[in-house]
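Peer 1: The following block contains the structure, expressed as structure tokens.
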Amino acid sequence: MISLQRASLRYGDILGLSPTTFELPSGGGITGLLGPNGAGKSSLIQLISGLLPPSGGEVRVFGEAPFRNPAVLARLGLVPEGDRFPSGFRGDRWLRMMGRLSGLEGAALDGAVARGLALTGMAERARLPFTAMSKGMRQRLRLAQALLHEPELLILDEPFNGLDPEARLHLMDILRGLAAGGTRILVSSHILGEVAQLTDRILLLFRGRLLAEGSVPEIRELLDRHPVELRVSAAAAREIARWAVEQDELVALRMEEGAAVLAIRNPRTFLPRLQDAVADGILPLLSLDPLDLNLDAVFQYLTKDHA
Ligand SMILES: Nc1ncnc2c1ncn2[C@@H]1O[C@H](COP(=O)(O)OP(=O)(O)OP(=O)(O)O)[C@@H](O)[C@H]1O
């Protein structure tokens, strides 16, 4: 369905995406595009959704070059990054206007708007003006708009940014439903946990390069090799240190005022054991703060690995 052959994107002197090659098959399913800020996710999305032509190489969507290609764009829905709406509009009227702009009218427009609102759970609330909607509701309305022409491929750029947990879960449910119904979905995020809840496949981008492509467990394994720092504060920090040095995952340890800072690998095996030790009263834990669970640090590590 999507095929890139050494496709790259430049903004003048700035390289948004280095030559990148991958294929995404047809049929329903969700693929996550994971990477920190500036990794090239939006650049890749702009190439696939035909907003920009590649600076080099080739992009094919449904077998054709997507840039300004109505035949491709008619089969593709895009929810771009951001939360911008024309002020003063009611949700349903905006949706109808967008439908008209994409060539729908009459009964086809009515049907498409009703279907889009039903799929996104917005039928009851679409009459509200944007200013009276929560961010999650606005995001679902943007999704309803992208679904008006029943696209086979749906692309969402950082759709969960700024959503509260409930709105995020709701949006995830909608996307899962669409994928199960046969839509191919490409969704970008800078948060691994978010992508992992949603997708079967991940494309990992960093600094404009496709670093890895794999299943969620494969990508997790890559990320697990990166040591994560935790600051553990306790009534008696020395007890934490004494316990920590016996754990296989410990890579480094330093003491701070009232706290031990542990660098550990494989947090998914380490953290449950730490939790048990606290629950059993072995460790007098006061707080636990991840210091560098942000993807940036992990990606720095991965790039070193791949250099
Ligand atoms: N219009 C533009 N003009 C110049 N440079 C750009 C432009 N858009 C993106 N870039 C640069 O291209 C690189 C990739 O950016 P891109 O927006 O694709 O990344 P991203 O992973 O989507 O990050 P973010 O989530 O921050 O948007 C970055 O170095 C960015 O500064």
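Scheme for the structure tokens: letters A, B, ... for chains in order shown; per-chain residue numbers from 1; ligand numbers from 1 in order shown.
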Determine, counting only C-alpha atoms, which protein, DNA and RNA residues have an atom within 8 Å of an atom of A:Gly208; residues of the same chain fewer than 3 positions away are not included. Present the result as a PyMOL selection string.
Peer 2: chain A and resi 15-18+38-41+205
Peer 1: Restricted to C-alpha atoms, what would the selected residues look like written as a compact mmCIF listing (two decimals), in the first residue's frame?
Peer 2:
```txt
# COMPACT_ATOMS: atom_id res chain seq x y z
CA LEU A 15 17.46 17.35 5.95
CA GLY A 16 14.01 16.42 7.29
CA LEU A 17 14.24 12.79 6.21
CA SER A 18 17.33 10.89 5.04
CA GLY A 38 12.46 16.47 15.12
CA ALA A 39 12.90 12.78 14.25
CA GLY A 40 11.26 13.21 10.87
CA LYS A 41 7.79 11.82 11.58
CA LEU A 205 12.73 7.25 13.47
```
Peer 1: Give me the residues within 9 Å of A:Leu141 as number ranges by chain, counting only C-alpha atoms and dropping any in the same chain fewer than 5 places off.
Peer 2: A: 91-92, 95, 116-117, 120, 122, 126, 136, 146
Peer 1: Could you list, with a cut-off of 9 Å and counting only C-alpha atoms and all ligand atoms, the residues of chain A near ligand 1, each shown with its nearest atom pair and the distance in Å rounded to one decimal, rows sorted by chain and ascending number, as a tab-separated table?
Peer 2:
```
residue	atom	partner	partner_atom_place_in_ligand_line	distance
A:Leu9	CA	ligand 1	12 (O)	8.4
A:Arg10	CA	ligand 1	12 (O)	7.6
A:Tyr11	CA	ligand 1	4 (C)	4.8
A:Gly12	CA	ligand 1	4 (C)	7.1
A:Asp13	CA	ligand 1	4 (C)	8.2
A:Ile14	CA	ligand 1	5 (N)	5.6
A:Leu15	CA	ligand 1	12 (O)	5.9
A:Gly16	CA	ligand 1	12 (O)	3.5
A:Leu17	CA	ligand 1	14 (C)	6.5
A:Leu33	CA	ligand 1	21 (O)	8.8
A:Leu34	CA	ligand 1	21 (O)	8.0
A:Gly35	CA	ligand 1	21 (O)	5.9
A:Pro36	CA	ligand 1	21 (O)	5.9
A:Asn37	CA	ligand 1	26 (O)	3.6
A:Gly38	CA	ligand 1	19 (O)	3.4
A:Ala39	CA	ligand 1	21 (O)	3.6
A:Gly40	CA	ligand 1	18 (O)	3.2
A:Lys41	CA	ligand 1	21 (O)	3.7
A:Ser42	CA	ligand 1	22 (O)	3.5
A:Ser43	CA	ligand 1	18 (O)	3.6
A:Leu44	CA	ligand 1	18 (O)	6.4
A:Ile45	CA	ligand 1	18 (O)	7.9
A:Gln46	CA	ligand 1	18 (O)	8.3
A:Glu81	CA	ligand 1	27 (O)	7.8
A:Asp157	CA	ligand 1	22 (O)	7.7
A:Glu158	CA	ligand 1	25 (O)	7.1
A:Ser188	CA	ligand 1	22 (O)	8.1
A:Ser189	CA	ligand 1	25 (O)	7.6
A:His190	CA	ligand 1	25 (O)	7.1
A:Leu205	CA	ligand 1	21 (O)	7.4
A:Phe206	CA	ligand 1	21 (O)	7.6
A:Arg207	CA	ligand 1	14 (C)	6.9
A:Gly208	CA	ligand 1	14 (C)	5.9
```
Peer 1: Which value, in Å to one decimal, gives the distance between atom CA of A:Gly88 and atom CA of A:Arg168?
Peer 2: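 Atom CA of A:Gly88 sits 25.6 Å away from atom CA of A:Arg168.
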Peer 1: Residues of stretch 75-186 of chain A classed as alpha helix (DSSP H) by DSSP on the backbone are to be reported as an MDAnalysis selection string.
Peer 2: chainID A and resid 91:101 106:119 135:147 165:180
Peer 1: Taking only C-alpha atoms into account, name the residue in A:Gly214, A:Pro54, A:Gly182, A:Gly99 that is nearest to A:Gly111.
Peer 2: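 For A:Gly111, the nearest of the given residues is A:Gly99.
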Peer 1: Between A:Pro70, A:Pro129, A:Gly281, A:Gly193, which one has atoms that come closest to A:Pro86, using only C-alpha atoms?
Peer 2: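 Looking at the shortest contact to A:Pro86, the residue is A:Pro129.
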Peer 1: Contacts of stretch 130-134 of chain A at 8 Å or less, counting only C-alpha atoms, minus same-chain residues fewer than 3 places along, as a PyMOL selection string?
Peer 2: chain A and resi 85+87-91+137-138
Peer 1: Neighbouring residues of A:Ala212 were defined as those with any atom within 10 Å, considering only C-alpha atoms; residues of the same chain fewer than 3 positions away were excluded. Please report them as a list in words.
Peer 2: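 Final neighbour list, sorted by chain and number: Leu34, Ile202, Leu203, Leu204, Leu205, Phe206, Arg209, Ser215, Glu218, Ile219, Leu222, Leu302 and His306 of chain A.
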